[in-house]
>>> print(open('target_33.pdb').read())   # PDB, C-alpha atoms
MODEL        1
ATOM      1  CA  MET A 181       0.000   0.000   0.000  1.00  0.00           C
ATOM      2  CA  HIS A 182       2.885   2.374   0.720  1.00  0.00           C
ATOM      3  CA  ALA A 183       4.006   2.049  -2.901  1.00  0.00           C
ATOM      4  CA  ARG A 184       0.624   3.383  -4.036  1.00  0.00           C
ATOM      5  CA  ILE A 185       0.822   6.293  -1.610  1.00  0.00           C
ATOM      6  CA  ASP A 186       4.336   7.071  -2.839  1.00  0.00           C
ATOM      7  CA  ALA A 187       3.120   6.895  -6.446  1.00  0.00           C
ATOM      8  CA  ILE A 188       0.296   9.361  -5.723  1.00  0.00           C
ATOM      9  CA  TYR A 189       2.797  11.681  -4.034  1.00  0.00           C
ATOM     10  CA  ARG A 190       5.204  11.429  -7.011  1.00  0.00           C
ATOM     11  CA  LEU A 191       2.373  12.185  -9.425  1.00  0.00           C
ATOM     12  CA  SER A 192       1.296  15.187  -7.357  1.00  0.00           C
ATOM     13  CA  TYR A 193       4.887  16.398  -7.036  1.00  0.00           C
ATOM     14  CA  ALA A 194       5.505  16.106 -10.764  1.00  0.00           C
ATOM     15  CA  ILE A 195       2.457  18.277 -11.427  1.00  0.00           C
ATOM     16  CA  VAL A 196       2.848  20.907  -8.681  1.00  0.00           C
ATOM     17  CA  GLY A 197       6.662  20.957  -8.412  1.00  0.00           C
ATOM     18  CA  ASP A 198       6.829  21.693  -4.703  1.00  0.00           C
ATOM     19  CA  GLU A 199       7.175  19.238  -1.818  1.00  0.00           C
ATOM     20  CA  ALA A 200       4.770  21.004   0.524  1.00  0.00           C
ATOM     21  CA  ASP A 201       2.162  21.440  -2.200  1.00  0.00           C
ATOM     22  CA  ALA A 202       2.598  17.803  -3.245  1.00  0.00           C
ATOM     23  CA  ARG A 203       2.019  16.665   0.343  1.00  0.00           C
ATOM     24  CA  ASP A 204      -1.094  18.857   0.507  1.00  0.00           C
ATOM     25  CA  ALA A 205      -2.385  17.520  -2.827  1.00  0.00           C
ATOM     26  CA  THR A 206      -1.686  13.933  -1.743  1.00  0.00           C
ATOM     27  CA  GLN A 207      -3.543  14.456   1.504  1.00  0.00           C
ATOM     28  CA  GLU A 208      -6.453  16.062  -0.341  1.00  0.00           C
ATOM     29  CA  THR A 209      -6.476  13.092  -2.730  1.00  0.00           C
ATOM     30  CA  PHE A 210      -6.990  10.580   0.047  1.00  0.00           C
ATOM     31  CA  ILE A 211      -9.535  12.745   1.849  1.00  0.00           C
ATOM     32  CA  ALA A 212     -11.526  13.136  -1.375  1.00  0.00           C
ATOM     33  CA  ALA A 213     -11.251   9.414  -2.104  1.00  0.00           C
ATOM     34  CA  TRP A 214     -12.543   8.576   1.361  1.00  0.00           C
ATOM     35  CA  ARG A 215     -15.470  10.959   0.944  1.00  0.00           C
ATOM     36  CA  ARG A 216     -16.297   9.763  -2.580  1.00  0.00           C
ATOM     37  CA  ILE A 217     -15.675   6.014  -2.191  1.00  0.00           C
ATOM     38  CA  ARG A 218     -19.343   5.283  -2.886  1.00  0.00           C
ATOM     39  CA  GLU A 219     -18.832   6.713  -6.400  1.00  0.00           C
ATOM     40  CA  LEU A 220     -16.404   3.902  -7.213  1.00  0.00           C
ATOM     41  CA  HIS A 221     -18.481   1.376  -9.102  1.00  0.00           C
ATOM     42  CA  ASP A 222     -15.708  -1.004 -10.168  1.00  0.00           C
ATOM     43  CA  PRO A 223     -13.197  -1.881  -7.420  1.00  0.00           C
ATOM     44  CA  ASP A 224     -10.819  -3.253 -10.071  1.00  0.00           C
ATOM     45  CA  ARG A 225     -10.401   0.313 -11.324  1.00  0.00           C
ATOM     46  CA  PHE A 226      -9.622   1.763  -7.911  1.00  0.00           C
ATOM     47  CA  TYR A 227      -6.099   2.941  -8.733  1.00  0.00           C
ATOM     48  CA  ALA A 228      -7.137   4.688 -11.966  1.00  0.00           C
ATOM     49  CA  TRP A 229      -9.978   6.337 -10.049  1.00  0.00           C
ATOM     50  CA  LEU A 230      -7.550   7.401  -7.311  1.00  0.00           C
ATOM     51  CA  GLN A 231      -5.117   8.827  -9.861  1.00  0.00           C
ATOM     52  CA  ARG A 232      -7.900  10.873 -11.446  1.00  0.00           C
ATOM     53  CA  ILE A 233      -8.621  12.337  -8.023  1.00  0.00           C
ATOM     54  CA  ALA A 234      -4.871  12.990  -7.539  1.00  0.00           C
ATOM     55  CA  VAL A 235      -4.601  14.848 -10.847  1.00  0.00           C
ATOM     56  CA  ASN A 236      -7.599  16.992  -9.935  1.00  0.00           C
ATOM     57  CA  SER A 237      -6.240  17.636  -6.424  1.00  0.00           C
ATOM     58  CA  ALA A 238      -2.877  18.708  -7.838  1.00  0.00           C
ATOM     59  CA  ARG A 239      -4.589  21.026 -10.308  1.00  0.00           C
ATOM     60  CA  MET A 240      -6.678  22.565  -7.550  1.00  0.00           C
ATOM     61  CA  THR A 241      -3.557  23.014  -5.420  1.00  0.00           C
ATOM     62  CA  LEU A 242      -1.852  24.867  -8.266  1.00  0.00           C
ATOM     63  CA  ARG A 243      -4.856  27.078  -8.835  1.00  0.00           C
ATOM     64  CA  ALA A 244      -5.154  27.831  -5.130  1.00  0.00           C
ATOM     65  CA  ARG A 245      -1.483  28.766  -4.872  1.00  0.00           C
ATOM     66  CA  GLY A 246      -1.435  30.670  -8.154  1.00  0.00           C
ATOM     67  CA  ARG A 247       1.690  28.795  -9.271  1.00  0.00           C
ATOM     68  CA  ARG A 248       2.717  27.009 -12.412  1.00  0.00           C
ATOM     69  CA  ARG A 249       6.074  25.454 -11.780  1.00  0.00           C
ATOM     70  CA  VAL A 250       7.745  22.130 -12.108  1.00  0.00           C
ATOM     71  CA  ARG A 251      11.384  22.673 -11.308  1.00  0.00           C
ATOM     72  CA  GLU A 252      12.787  19.712  -9.408  1.00  0.00           C
ATOM     73  CA  ILE A 253      12.491  16.626 -11.550  1.00  0.00           C
ATOM     74  CA  PRO A 254      14.681  13.651 -10.618  1.00  0.00           C
ATOM     75  CA  SER A 255      17.485  13.272 -13.139  1.00  0.00           C
ATOM     76  CA  GLY A 256      16.406   9.740 -13.996  1.00  0.00           C
ATOM     77  CA  ASP A 257      13.117  11.118 -15.290  1.00  0.00           C
ATOM     78  CA  ILE A 258      14.704  13.677 -17.592  1.00  0.00           C
ATOM     79  CA  ALA A 259      15.484  11.179 -20.342  1.00  0.00           C
ATOM     80  CA  ALA A 260      11.854  10.031 -20.521  1.00  0.00           C
ATOM     81  CA  LEU A 261      10.535  13.549 -20.967  1.00  0.00           C
ATOM     82  CA  ALA A 262      13.331  14.525 -23.337  1.00  0.00           C
ATOM     83  CA  ALA A 263      12.526  11.509 -25.506  1.00  0.00           C
ATOM     84  CA  ALA A 264       8.923  12.679 -25.579  1.00  0.00           C
ATOM     85  CA  SER A 265       9.969  15.864 -27.313  1.00  0.00           C
ATOM     86  CA  GLU A 266      11.526  13.924 -30.243  1.00  0.00           C
ATOM     87  CA  ARG A 267      14.173  16.596 -30.552  1.00  0.00           C
ATOM     88  CA  THR A 268      16.811  16.274 -33.213  1.00  0.00           C
ATOM     89  CA  THR A 269      19.697  17.147 -30.923  1.00  0.00           C
ATOM     90  CA  PRO A 270      21.435  14.055 -29.542  1.00  0.00           C
ATOM     91  CA  GLU A 271      21.839  15.080 -25.897  1.00  0.00           C
ATOM     92  CA  PRO A 272      18.851  15.461 -23.544  1.00  0.00           C
ATOM     93  CA  PRO A 273      18.255  18.808 -21.845  1.00  0.00           C
ATOM     94  CA  ASP A 274      19.495  19.300 -18.306  1.00  0.00           C
ATOM     95  CA  ALA A 275      17.065  19.478 -15.390  1.00  0.00           C
ATOM     96  CA  ASP A 276      16.975  23.278 -15.311  1.00  0.00           C
ATOM     97  CA  VAL A 277      16.169  23.589 -19.014  1.00  0.00           C
ATOM     98  CA  LEU A 278      13.523  20.890 -18.767  1.00  0.00           C
ATOM     99  CA  GLY A 279      12.002  22.494 -15.676  1.00  0.00           C
ATOM    100  CA  ILE A 280      11.755  25.862 -17.399  1.00  0.00           C
ATOM    101  CA  ALA A 281      10.331  24.268 -20.554  1.00  0.00           C
ATOM    102  CA  LEU A 282       7.713  22.367 -18.531  1.00  0.00           C
ATOM    103  CA  ASP A 283       6.890  25.545 -16.661  1.00  0.00           C
ATOM    104  CA  ARG A 284       5.876  27.097 -19.974  1.00  0.00           C
ATOM    105  CA  LEU A 285       3.309  24.367 -20.650  1.00  0.00           C
ATOM    106  CA  PRO A 286      -0.329  24.594 -19.595  1.00  0.00           C
ATOM    107  CA  ILE A 287      -1.197  22.322 -16.685  1.00  0.00           C
ATOM    108  CA  ASP A 288      -3.182  19.905 -18.872  1.00  0.00           C
ATOM    109  CA  GLN A 289      -0.206  19.347 -21.172  1.00  0.00           C
ATOM    110  CA  ARG A 290       2.181  18.951 -18.258  1.00  0.00           C
ATOM    111  CA  THR A 291      -0.180  16.489 -16.571  1.00  0.00           C
ATOM    112  CA  ILE A 292      -0.558  14.211 -19.581  1.00  0.00           C
ATOM    113  CA  LEU A 293       3.215  14.171 -20.175  1.00  0.00           C
ATOM    114  CA  VAL A 294       3.881  13.321 -16.534  1.00  0.00           C
ATOM    115  CA  LEU A 295       1.289  10.551 -16.469  1.00  0.00           C
ATOM    116  CA  HIS A 296       2.528   9.020 -19.716  1.00  0.00           C
ATOM    117  CA  HIS A 297       6.289   9.476 -19.627  1.00  0.00           C
ATOM    118  CA  LEU A 298       7.084   9.559 -15.919  1.00  0.00           C
ATOM    119  CA  GLU A 299       4.367   7.348 -14.499  1.00  0.00           C
ATOM    120  CA  GLY A 300       4.374   5.021 -17.507  1.00  0.00           C
ATOM    121  CA  HIS A 301       0.652   4.905 -18.217  1.00  0.00           C
ATOM    122  CA  GLY A 302      -0.505   3.772 -21.628  1.00  0.00           C
ATOM    123  CA  VAL A 303      -3.077   5.542 -23.751  1.00  0.00           C
ATOM    124  CA  ALA A 304      -5.990   3.419 -22.508  1.00  0.00           C
ATOM    125  CA  GLU A 305      -5.004   4.011 -18.885  1.00  0.00           C
ATOM    126  CA  LEU A 306      -4.726   7.738 -19.510  1.00  0.00           C
ATOM    127  CA  ALA A 307      -8.202   7.755 -21.009  1.00  0.00           C
ATOM    128  CA  GLU A 308      -9.520   6.138 -17.862  1.00  0.00           C
ATOM    129  CA  ILE A 309      -7.563   8.339 -15.449  1.00  0.00           C
ATOM    130  CA  LEU A 310      -8.429  11.585 -17.227  1.00  0.00           C
ATOM    131  CA  ASP A 311     -11.950  10.417 -18.106  1.00  0.00           C
ATOM    132  CA  ILE A 312     -11.572  11.281 -21.798  1.00  0.00           C
ATOM    133  CA  PRO A 313     -11.768   9.191 -24.995  1.00  0.00           C
ATOM    134  CA  VAL A 314      -8.652   7.364 -26.273  1.00  0.00           C
ATOM    135  CA  GLY A 315      -8.573   9.526 -29.397  1.00  0.00           C
ATOM    136  CA  THR A 316      -8.512  12.646 -27.255  1.00  0.00           C
ATOM    137  CA  VAL A 317      -5.611  11.223 -25.230  1.00  0.00           C
ATOM    138  CA  LYS A 318      -3.618  10.618 -28.426  1.00  0.00           C
ATOM    139  CA  SER A 319      -4.346  14.112 -29.667  1.00  0.00           C
ATOM    140  CA  ARG A 320      -3.436  15.738 -26.358  1.00  0.00           C
ATOM    141  CA  LEU A 321      -0.229  13.712 -26.079  1.00  0.00           C
ATOM    142  CA  HIS A 322       0.776  14.790 -29.558  1.00  0.00           C
ATOM    143  CA  THR A 323      -0.010  18.416 -28.790  1.00  0.00           C
ATOM    144  CA  ALA A 324       1.819  18.287 -25.447  1.00  0.00           C
ATOM    145  CA  ARG A 325       4.916  16.742 -27.038  1.00  0.00           C
ATOM    146  CA  ARG A 326       4.973  19.438 -29.712  1.00  0.00           C
ATOM    147  CA  ALA A 327       4.526  22.112 -27.049  1.00  0.00           C
ATOM    148  CA  LEU A 328       7.386  20.626 -24.999  1.00  0.00           C
ATOM    149  CA  GLU A 329       9.545  20.497 -28.105  1.00  0.00           C
ATOM    150  CA  GLY A 330       8.777  24.154 -28.807  1.00  0.00           C
ATOM    151  CA  ALA A 331       9.433  25.177 -25.211  1.00  0.00           C
ATOM    152  CA  LEU A 332      12.741  23.296 -25.193  1.00  0.00           C
ATOM    153  CA  ALA A 333      13.749  24.944 -28.462  1.00  0.00           C
ATOM    154  CA  ALA A 334      12.794  28.378 -27.130  1.00  0.00           C
ATOM    155  CA  GLU A 335      14.748  27.777 -23.933  1.00  0.00           C
ATOM    156  CA  GLY A 336      17.734  26.594 -25.984  1.00  0.00           C
ATOM    157  CA  ARG A 337      17.650  29.818 -27.999  1.00  0.00           C
ATOM    158  CA  ALA A 338      17.395  31.886 -24.813  1.00  0.00           C
ATOM    159  CA  ARG A 339      20.561  30.378 -23.339  1.00  0.00           C
TER     160      ARG A 339
ENDMDL
END
>>> encode(input="target_33.pdb", output="structure tokens")
Amino acid sequence: MHARIDAIYRLSYAIVGDEADARDATQETFIAAWRRIRELHDPDRFYAWLQRIAVNSARMTLRARGRRRVREIPSGDIAALAAASERTTPEPPDADVLGIALDRLPIDQRTILVLHHLEGHGVAELAEILDIPVGTVKSRLHTARRALEGALAAEGRAR
């Protein structure tokens, strides 16, 4: 069970970019899940349901704090997000460049990239977590990757 709690915290942290905010979002996730447990109709889909609540809690935390930052991403996760950009340069961006590039993305684009590339969810799982059709997931992933690519290119030009 601790692994699931840690995963919810990591997801929240990747979206909000701040330890205190991630702890708050994680706590809010479990409070909301406890209050809404009767809404869960299929116990086999509990974790996807919980992740949807976590994404929404992280978004609400960002809105409440008026922040849009994701700065501290573990270095092991950089390669996954850099690969998502399909850049033509051979070396991946460093953590600072990636953090700034992610900061430029809207929260929805950042969220879908985090869920797919850092948390490892497939398209069908994303559709379930985000409660959107599979085709919409594919479209949003494509758009988010292009936006990340553009943000990385812009940050590269600025340096």
>>> residues_around(input="target_33.pdb", residues="Arg245 in chain A", least_positions_apart="5", cutoff="10 Å", atoms="all atoms listed in the file", output="list in words")
Val196, Asp201, Arg239 and Met240 of chain A
>>> atom_distance(input="target_33.pdb", atom1="CA of Pro286 in chain A", atom2="CA of Ala331 in chain A")
11.3 Å
>>> residues_around(input="target_33.pdb", residues="range 306-318 of chain A", least_positions_apart="5", cutoff="10 Å", atoms="only C-alpha atoms", output="compact mmCIF listing (two decimals) with C-alpha atoms, in the frame of the given file")
# COMPACT_ATOMS: atom_id res chain seq x y z
CA ARG A 225 -10.40 0.31 -11.32
CA TYR A 227 -6.10 2.94 -8.73
CA ALA A 228 -7.14 4.69 -11.97
CA TRP A 229 -9.98 6.34 -10.05
CA LEU A 230 -7.55 7.40 -7.31
CA GLN A 231 -5.12 8.83 -9.86
CA ARG A 232 -7.90 10.87 -11.45
CA ILE A 233 -8.62 12.34 -8.02
CA ALA A 234 -4.87 12.99 -7.54
CA VAL A 235 -4.60 14.85 -10.85
CA ASN A 236 -7.60 16.99 -9.94
CA ASP A 288 -3.18 19.90 -18.87
CA THR A 291 -0.18 16.49 -16.57
CA ILE A 292 -0.56 14.21 -19.58
CA LEU A 295 1.29 10.55 -16.47
CA HIS A 296 2.53 9.02 -19.72
CA GLY A 300 4.37 5.02 -17.51
CA HIS A 301 0.65 4.90 -18.22
CA THR A 323 -0.01 18.42 -28.79
CA ALA A 324 1.82 18.29 -25.45
>>> closest_residue(input="target_33.pdb", among="A:Ala238, A:Ala333, A:Ala183, A:Ile195", to="Gln207 in chain A", atoms="all atoms listed in the file")
A:Ala238
>>> atom_distance(input="target_33.pdb", atom1="CA of Thr209 in chain A", atom2="CA of Ser237 in chain A")
5.9 Å
>>> residues_around(input="target_33.pdb", residues="Ile185 in chain A", least_positions_apart="4", cutoff="10 Å", atoms="all atoms listed in the file", output="MDAnalysis selection string")
chainID A and resid 181 189:191 206:207 210
>>> decode(input="target_33.pdb", residues="range 302-317 of chain A", atoms="all heavy atoms", output="PDB file, in the first residue's frame")
ATOM      1  N   GLY A 302      -0.178   3.866 -20.219  1.00  0.00           N
ATOM      2  CA  GLY A 302      -0.505   3.772 -21.628  1.00  0.00           C
ATOM      3  C   GLY A 302      -1.702   4.642 -21.974  1.00  0.00           C
ATOM      4  O   GLY A 302      -2.355   5.226 -21.097  1.00  0.00           O
ATOM      5  N   VAL A 303      -2.001   4.684 -23.257  1.00  0.00           N
ATOM      6  CA  VAL A 303      -3.077   5.542 -23.751  1.00  0.00           C
ATOM      7  C   VAL A 303      -4.425   5.150 -23.139  1.00  0.00           C
ATOM      8  O   VAL A 303      -5.193   6.013 -22.702  1.00  0.00           O
ATOM      9  CB  VAL A 303      -3.117   5.504 -25.295  1.00  0.00           C
ATOM     10  CG1 VAL A 303      -4.326   6.245 -25.828  1.00  0.00           C
ATOM     11  CG2 VAL A 303      -1.833   6.105 -25.871  1.00  0.00           C
ATOM     12  N   ALA A 304      -4.709   3.861 -23.072  1.00  0.00           N
ATOM     13  CA  ALA A 304      -5.990   3.419 -22.508  1.00  0.00           C
ATOM     14  C   ALA A 304      -6.093   3.788 -21.032  1.00  0.00           C
ATOM     15  O   ALA A 304      -7.160   4.219 -20.562  1.00  0.00           O
ATOM     16  CB  ALA A 304      -6.154   1.913 -22.690  1.00  0.00           C
ATOM     17  N   GLU A 305      -4.995   3.637 -20.297  1.00  0.00           N
ATOM     18  CA  GLU A 305      -5.004   4.011 -18.885  1.00  0.00           C
ATOM     19  C   GLU A 305      -5.200   5.516 -18.714  1.00  0.00           C
ATOM     20  O   GLU A 305      -5.929   5.953 -17.821  1.00  0.00           O
ATOM     21  CB  GLU A 305      -3.690   3.607 -18.218  1.00  0.00           C
ATOM     22  CG  GLU A 305      -3.506   2.118 -18.046  1.00  0.00           C
ATOM     23  CD  GLU A 305      -2.117   1.802 -17.515  1.00  0.00           C
ATOM     24  OE1 GLU A 305      -1.122   2.213 -18.147  1.00  0.00           O
ATOM     25  OE2 GLU A 305      -2.050   1.140 -16.459  1.00  0.00           O
ATOM     26  N   LEU A 306      -4.555   6.283 -19.571  1.00  0.00           N
ATOM     27  CA  LEU A 306      -4.726   7.738 -19.510  1.00  0.00           C
ATOM     28  C   LEU A 306      -6.174   8.131 -19.765  1.00  0.00           C
ATOM     29  O   LEU A 306      -6.698   9.032 -19.107  1.00  0.00           O
ATOM     30  CB  LEU A 306      -3.819   8.434 -20.512  1.00  0.00           C
ATOM     31  CG  LEU A 306      -2.327   8.405 -20.191  1.00  0.00           C
ATOM     32  CD1 LEU A 306      -1.526   8.953 -21.357  1.00  0.00           C
ATOM     33  CD2 LEU A 306      -2.036   9.180 -18.928  1.00  0.00           C
ATOM     34  N   ALA A 307      -6.801   7.467 -20.715  1.00  0.00           N
ATOM     35  CA  ALA A 307      -8.202   7.755 -21.009  1.00  0.00           C
ATOM     36  C   ALA A 307      -9.067   7.522 -19.772  1.00  0.00           C
ATOM     37  O   ALA A 307      -9.960   8.321 -19.463  1.00  0.00           O
ATOM     38  CB  ALA A 307      -8.685   6.894 -22.175  1.00  0.00           C
ATOM     39  N   GLU A 308      -8.756   6.455 -19.063  1.00  0.00           N
ATOM     40  CA  GLU A 308      -9.520   6.138 -17.862  1.00  0.00           C
ATOM     41  C   GLU A 308      -9.222   7.124 -16.735  1.00  0.00           C
ATOM     42  O   GLU A 308     -10.138   7.635 -16.088  1.00  0.00           O
ATOM     43  CB  GLU A 308      -9.182   4.714 -17.408  1.00  0.00           C
ATOM     44  CG  GLU A 308     -10.041   4.233 -16.279  1.00  0.00           C
ATOM     45  CD  GLU A 308      -9.777   2.779 -15.945  1.00  0.00           C
ATOM     46  OE1 GLU A 308      -9.102   2.078 -16.719  1.00  0.00           O
ATOM     47  OE2 GLU A 308     -10.261   2.359 -14.889  1.00  0.00           O
ATOM     48  N   ILE A 309      -7.951   7.421 -16.525  1.00  0.00           N
ATOM     49  CA  ILE A 309      -7.563   8.339 -15.449  1.00  0.00           C
ATOM     50  C   ILE A 309      -8.118   9.734 -15.686  1.00  0.00           C
ATOM     51  O   ILE A 309      -8.640  10.368 -14.773  1.00  0.00           O
ATOM     52  CB  ILE A 309      -6.025   8.390 -15.318  1.00  0.00           C
ATOM     53  CG1 ILE A 309      -5.494   7.050 -14.795  1.00  0.00           C
ATOM     54  CG2 ILE A 309      -5.585   9.531 -14.393  1.00  0.00           C
ATOM     55  CD1 ILE A 309      -3.993   6.899 -14.940  1.00  0.00           C
ATOM     56  N   LEU A 310      -8.001  10.224 -16.910  1.00  0.00           N
ATOM     57  CA  LEU A 310      -8.429  11.585 -17.227  1.00  0.00           C
ATOM     58  C   LEU A 310      -9.897  11.671 -17.617  1.00  0.00           C
ATOM     59  O   LEU A 310     -10.426  12.764 -17.823  1.00  0.00           O
ATOM     60  CB  LEU A 310      -7.554  12.157 -18.341  1.00  0.00           C
ATOM     61  CG  LEU A 310      -6.059  12.264 -18.006  1.00  0.00           C
ATOM     62  CD1 LEU A 310      -5.264  12.676 -19.222  1.00  0.00           C
ATOM     63  CD2 LEU A 310      -5.832  13.215 -16.844  1.00  0.00           C
ATOM     64  N   ASP A 311     -10.533  10.500 -17.764  1.00  0.00           N
ATOM     65  CA  ASP A 311     -11.950  10.417 -18.106  1.00  0.00           C
ATOM     66  C   ASP A 311     -12.244  11.112 -19.441  1.00  0.00           C
ATOM     67  O   ASP A 311     -13.156  11.938 -19.549  1.00  0.00           O
ATOM     68  CB  ASP A 311     -12.803  11.009 -16.977  1.00  0.00           C
ATOM     69  CG  ASP A 311     -14.258  10.570 -17.074  1.00  0.00           C
ATOM     70  OD1 ASP A 311     -14.518   9.498 -17.645  1.00  0.00           O
ATOM     71  OD2 ASP A 311     -15.132  11.308 -16.573  1.00  0.00           O
ATOM     72  N   ILE A 312     -11.413  10.754 -20.443  1.00  0.00           N
ATOM     73  CA  ILE A 312     -11.572  11.281 -21.798  1.00  0.00           C
ATOM     74  C   ILE A 312     -11.410  10.128 -22.785  1.00  0.00           C
ATOM     75  O   ILE A 312     -10.831   9.099 -22.443  1.00  0.00           O
ATOM     76  CB  ILE A 312     -10.556  12.408 -22.115  1.00  0.00           C
ATOM     77  CG1 ILE A 312      -9.119  11.928 -21.922  1.00  0.00           C
ATOM     78  CG2 ILE A 312     -10.845  13.648 -21.280  1.00  0.00           C
ATOM     79  CD1 ILE A 312      -8.051  12.959 -22.279  1.00  0.00           C
ATOM     80  N   PRO A 313     -11.902  10.264 -24.012  1.00  0.00           N
ATOM     81  CA  PRO A 313     -11.768   9.191 -24.995  1.00  0.00           C
ATOM     82  C   PRO A 313     -10.299   8.953 -25.396  1.00  0.00           C
ATOM     83  O   PRO A 313      -9.458   9.856 -25.304  1.00  0.00           O
ATOM     84  CB  PRO A 313     -12.559   9.702 -26.207  1.00  0.00           C
ATOM     85  CG  PRO A 313     -13.450  10.772 -25.680  1.00  0.00           C
ATOM     86  CD  PRO A 313     -12.734  11.373 -24.506  1.00  0.00           C
ATOM     87  N   VAL A 314     -10.001   7.745 -25.853  1.00  0.00           N
ATOM     88  CA  VAL A 314      -8.652   7.364 -26.273  1.00  0.00           C
ATOM     89  C   VAL A 314      -8.141   8.294 -27.369  1.00  0.00           C
ATOM     90  O   VAL A 314      -6.980   8.722 -27.350  1.00  0.00           O
ATOM     91  CB  VAL A 314      -8.614   5.886 -26.727  1.00  0.00           C
ATOM     92  CG1 VAL A 314      -7.304   5.545 -27.417  1.00  0.00           C
ATOM     93  CG2 VAL A 314      -8.842   4.958 -25.542  1.00  0.00           C
ATOM     94  N   GLY A 315      -8.983   8.625 -28.324  1.00  0.00           N
ATOM     95  CA  GLY A 315      -8.573   9.526 -29.397  1.00  0.00           C
ATOM     96  C   GLY A 315      -8.158  10.894 -28.875  1.00  0.00           C
ATOM     97  O   GLY A 315      -7.209  11.506 -29.382  1.00  0.00           O
ATOM     98  N   THR A 316      -8.846  11.366 -27.860  1.00  0.00           N
ATOM     99  CA  THR A 316      -8.512  12.646 -27.255  1.00  0.00           C
ATOM    100  C   THR A 316      -7.165  12.562 -26.544  1.00  0.00           C
ATOM    101  O   THR A 316      -6.364  13.498 -26.601  1.00  0.00           O
ATOM    102  CB  THR A 316      -9.619  13.088 -26.277  1.00  0.00           C
ATOM    103  OG1 THR A 316     -10.862  13.130 -26.979  1.00  0.00           O
ATOM    104  CG2 THR A 316      -9.331  14.449 -25.673  1.00  0.00           C
ATOM    105  N   VAL A 317      -6.901  11.431 -25.892  1.00  0.00           N
ATOM    106  CA  VAL A 317      -5.611  11.223 -25.230  1.00  0.00           C
ATOM    107  C   VAL A 317      -4.488  11.316 -26.262  1.00  0.00           C
ATOM    108  O   VAL A 317      -3.491  12.004 -26.058  1.00  0.00           O
ATOM    109  CB  VAL A 317      -5.547   9.863 -24.503  1.00  0.00           C
ATOM    110  CG1 VAL A 317      -4.121   9.537 -24.070  1.00  0.00           C
ATOM    111  CG2 VAL A 317      -6.479   9.852 -23.308  1.00  0.00           C
TER     112      VAL A 317
END
